[in-house]
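Engineer: Quick one: structure below, then a few questions.
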Amino acid sequence: MKRYQLIPVVVFAALSTRAAAAQDSTSVHLSIHVPDSVAHVVDREHARDARFAIVSRDGQAQLLLMDTTIVAQMTDRGLAHLDSREVTDTIKGTANRIFARMAIGALVPLLDHGIAYHLRDLADAKYADGRLLLLRSNGDEVFRDVEIGKGPLMESFSPVDAKAFAARAREAREKLAR
């Protein structure tokens, strides 16, 4: 797995067609805030290579449990949707639409990566208050500020999937600690 280290300062990337158009079902929002040097950007992983994987209800994002990491990334469907004309067709004004398509075209290759968090740094994983909680030893939530699709990533999974992922992540963490 090729690894790209993040600067331990706040890394913030935002892509939103909402600035140029009224929000509708075709708009795409991506927000990533990773103030944690433990998380790092990696090449996309394939769900088939994961120990366990879950996909958000809207199909835009996935969480993969790998051998030593948890990876958050857009799905192939999410990337394809982001790169489709459907995302920008509702933007009023030709110049705005062209600018949005150019920006998205430039960002898609950058977004074709995942954010990985090492299992060794995971203190707990559970489902509570409608969200999957991956907790560090200091109590901070991993991927807390990641948004892909229509809201916070960790709230985008079904309760059944989130609970199953939490259980598998705890098991994987325990095996690593041995």
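Naming scheme: A, B, ... for chains in displayed order of the structure tokens; residues 1 onward per chain; ligands 1 onward as shown.
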Residues of range 91-148 of chain A that approach range 62-85 of chain A to 6 Å or less, counting only C-alpha atoms: could you list each one with the shortest pair of atoms and its distance in Å to one decimal, rows by chain and increasing residue number, as a tab-separated table?

Structural biologist:
```
residue	atom	partner	partner_atom	distance
A:Gly114	CA	A:Gln73	CA	4.4
A:Ile115	CA	A:Ala72	CA	5.2
A:Ala116	CA	A:Val71	CA	4.3
A:Tyr117	CA	A:Ile70	CA	5.2
A:His118	CA	A:Thr69	CA	4.3
A:Leu119	CA	A:Thr69	CA	5.0
```

Engineer: Export N, CA, C and O atoms of the chosen residues as a PDB file, in the first residue's frame?

Structural biologist:
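out_10.pdb, freshly written:
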```
ATOM      1  N   GLY A 114      -7.967   7.107  -0.448  1.00  0.00           N
ATOM      2  CA  GLY A 114      -8.662   6.853   0.805  1.00  0.00           C
ATOM      3  C   GLY A 114      -7.915   7.517   1.951  1.00  0.00           C
ATOM      4  O   GLY A 114      -6.775   7.953   1.800  1.00  0.00           O
ATOM      5  N   ILE A 115      -8.576   7.594   3.082  1.00  0.00           N
ATOM      6  CA  ILE A 115      -7.947   8.072   4.311  1.00  0.00           C
ATOM      7  C   ILE A 115      -7.861   6.869   5.230  1.00  0.00           C
ATOM      8  O   ILE A 115      -8.881   6.253   5.551  1.00  0.00           O
ATOM      9  N   ALA A 116      -6.651   6.519   5.628  1.00  0.00           N
ATOM     10  CA  ALA A 116      -6.432   5.321   6.447  1.00  0.00           C
ATOM     11  C   ALA A 116      -6.095   5.706   7.884  1.00  0.00           C
ATOM     12  O   ALA A 116      -5.401   6.684   8.132  1.00  0.00           O
ATOM     13  N   TYR A 117      -6.600   4.914   8.799  1.00  0.00           N
ATOM     14  CA  TYR A 117      -6.320   5.083  10.220  1.00  0.00           C
ATOM     15  C   TYR A 117      -5.820   3.744  10.751  1.00  0.00           C
ATOM     16  O   TYR A 117      -6.447   2.715  10.517  1.00  0.00           O
ATOM     17  N   HIS A 118      -4.709   3.759  11.455  1.00  0.00           N
ATOM     18  CA  HIS A 118      -4.123   2.515  11.958  1.00  0.00           C
ATOM     19  C   HIS A 118      -4.953   1.902  13.085  1.00  0.00           C
ATOM     20  O   HIS A 118      -5.336   2.584  14.028  1.00  0.00           O
ATOM     21  N   LEU A 119      -5.208   0.632  12.955  1.00  0.00           N
ATOM     22  CA  LEU A 119      -5.940  -0.102  13.995  1.00  0.00           C
ATOM     23  C   LEU A 119      -5.204  -0.068  15.335  1.00  0.00           C
ATOM     24  O   LEU A 119      -5.835  -0.051  16.381  1.00  0.00           O
TER      25      LEU A 119
END
```

Engineer: Which is closest to Leu176 in chain A among A:Ile91, A:Gln60, A:Arg120, A:Val41, if we use only C-alpha atoms?

Structural biologist: A:Arg120

Engineer: CA of Gly151 in chain A and CA of Ala128 in chain A, how far apart in Å?

Structural biologist: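 Pair CA of Ala128 in chain A / CA of Gly151 in chain A returns 16.8 Å.
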
Engineer: Select, from A:Leu111, A:Ala162, A:Leu134, A:Ala100, the residue with the minimum atom-to-atom distance to Arg44 in chain A, counting only C-alpha atoms.

Structural biologist: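 Closest residue, counting only C-alpha atoms: A:Leu111.
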
Engineer: Taking only C-alpha atoms into account, which of A:Glu174, A:Asp112, A:Asp145, A:Glu155 comes nearest Asp124 in chain A?

Structural biologist: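 Looking at the shortest contact to Asp124 in chain A, the residue is A:Glu174.
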
Engineer: I want to know what sits within 9 Å of Arg168 in chain A, based on only C-alpha atoms, with residues of the same chain fewer than 6 positions away left out; could you give that as a list of chain:residue names?

Structural biologist: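 So, after excluding close chain neighbours, the residues are A:Arg51, A:Phe52, A:Leu65, A:Ala125.
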
Engineer: Just checking: using only C-alpha atoms, which residue out of A:Lys126, A:His113, A:Arg178, A:Arg170 ends up closest to Glu141 in chain A?

Structural biologist: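 Smallest separation from Glu141 in chain A among the options: A:Lys126.
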
Engineer: Rounded to one decimal, what separation in Å do you get between CA of Gly130 in chain A and CA of Lys163 in chain A?

Structural biologist: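 A separation of 10.3 Å between them.
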
Engineer: Measure the distance from CA of Val38 in chain A to CA of Arg136 in chain A in Å and round it to one decimal.

Structural biologist: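 Calculated distance between CA of Val38 in chain A and CA of Arg136 in chain A is 10.2 Å.
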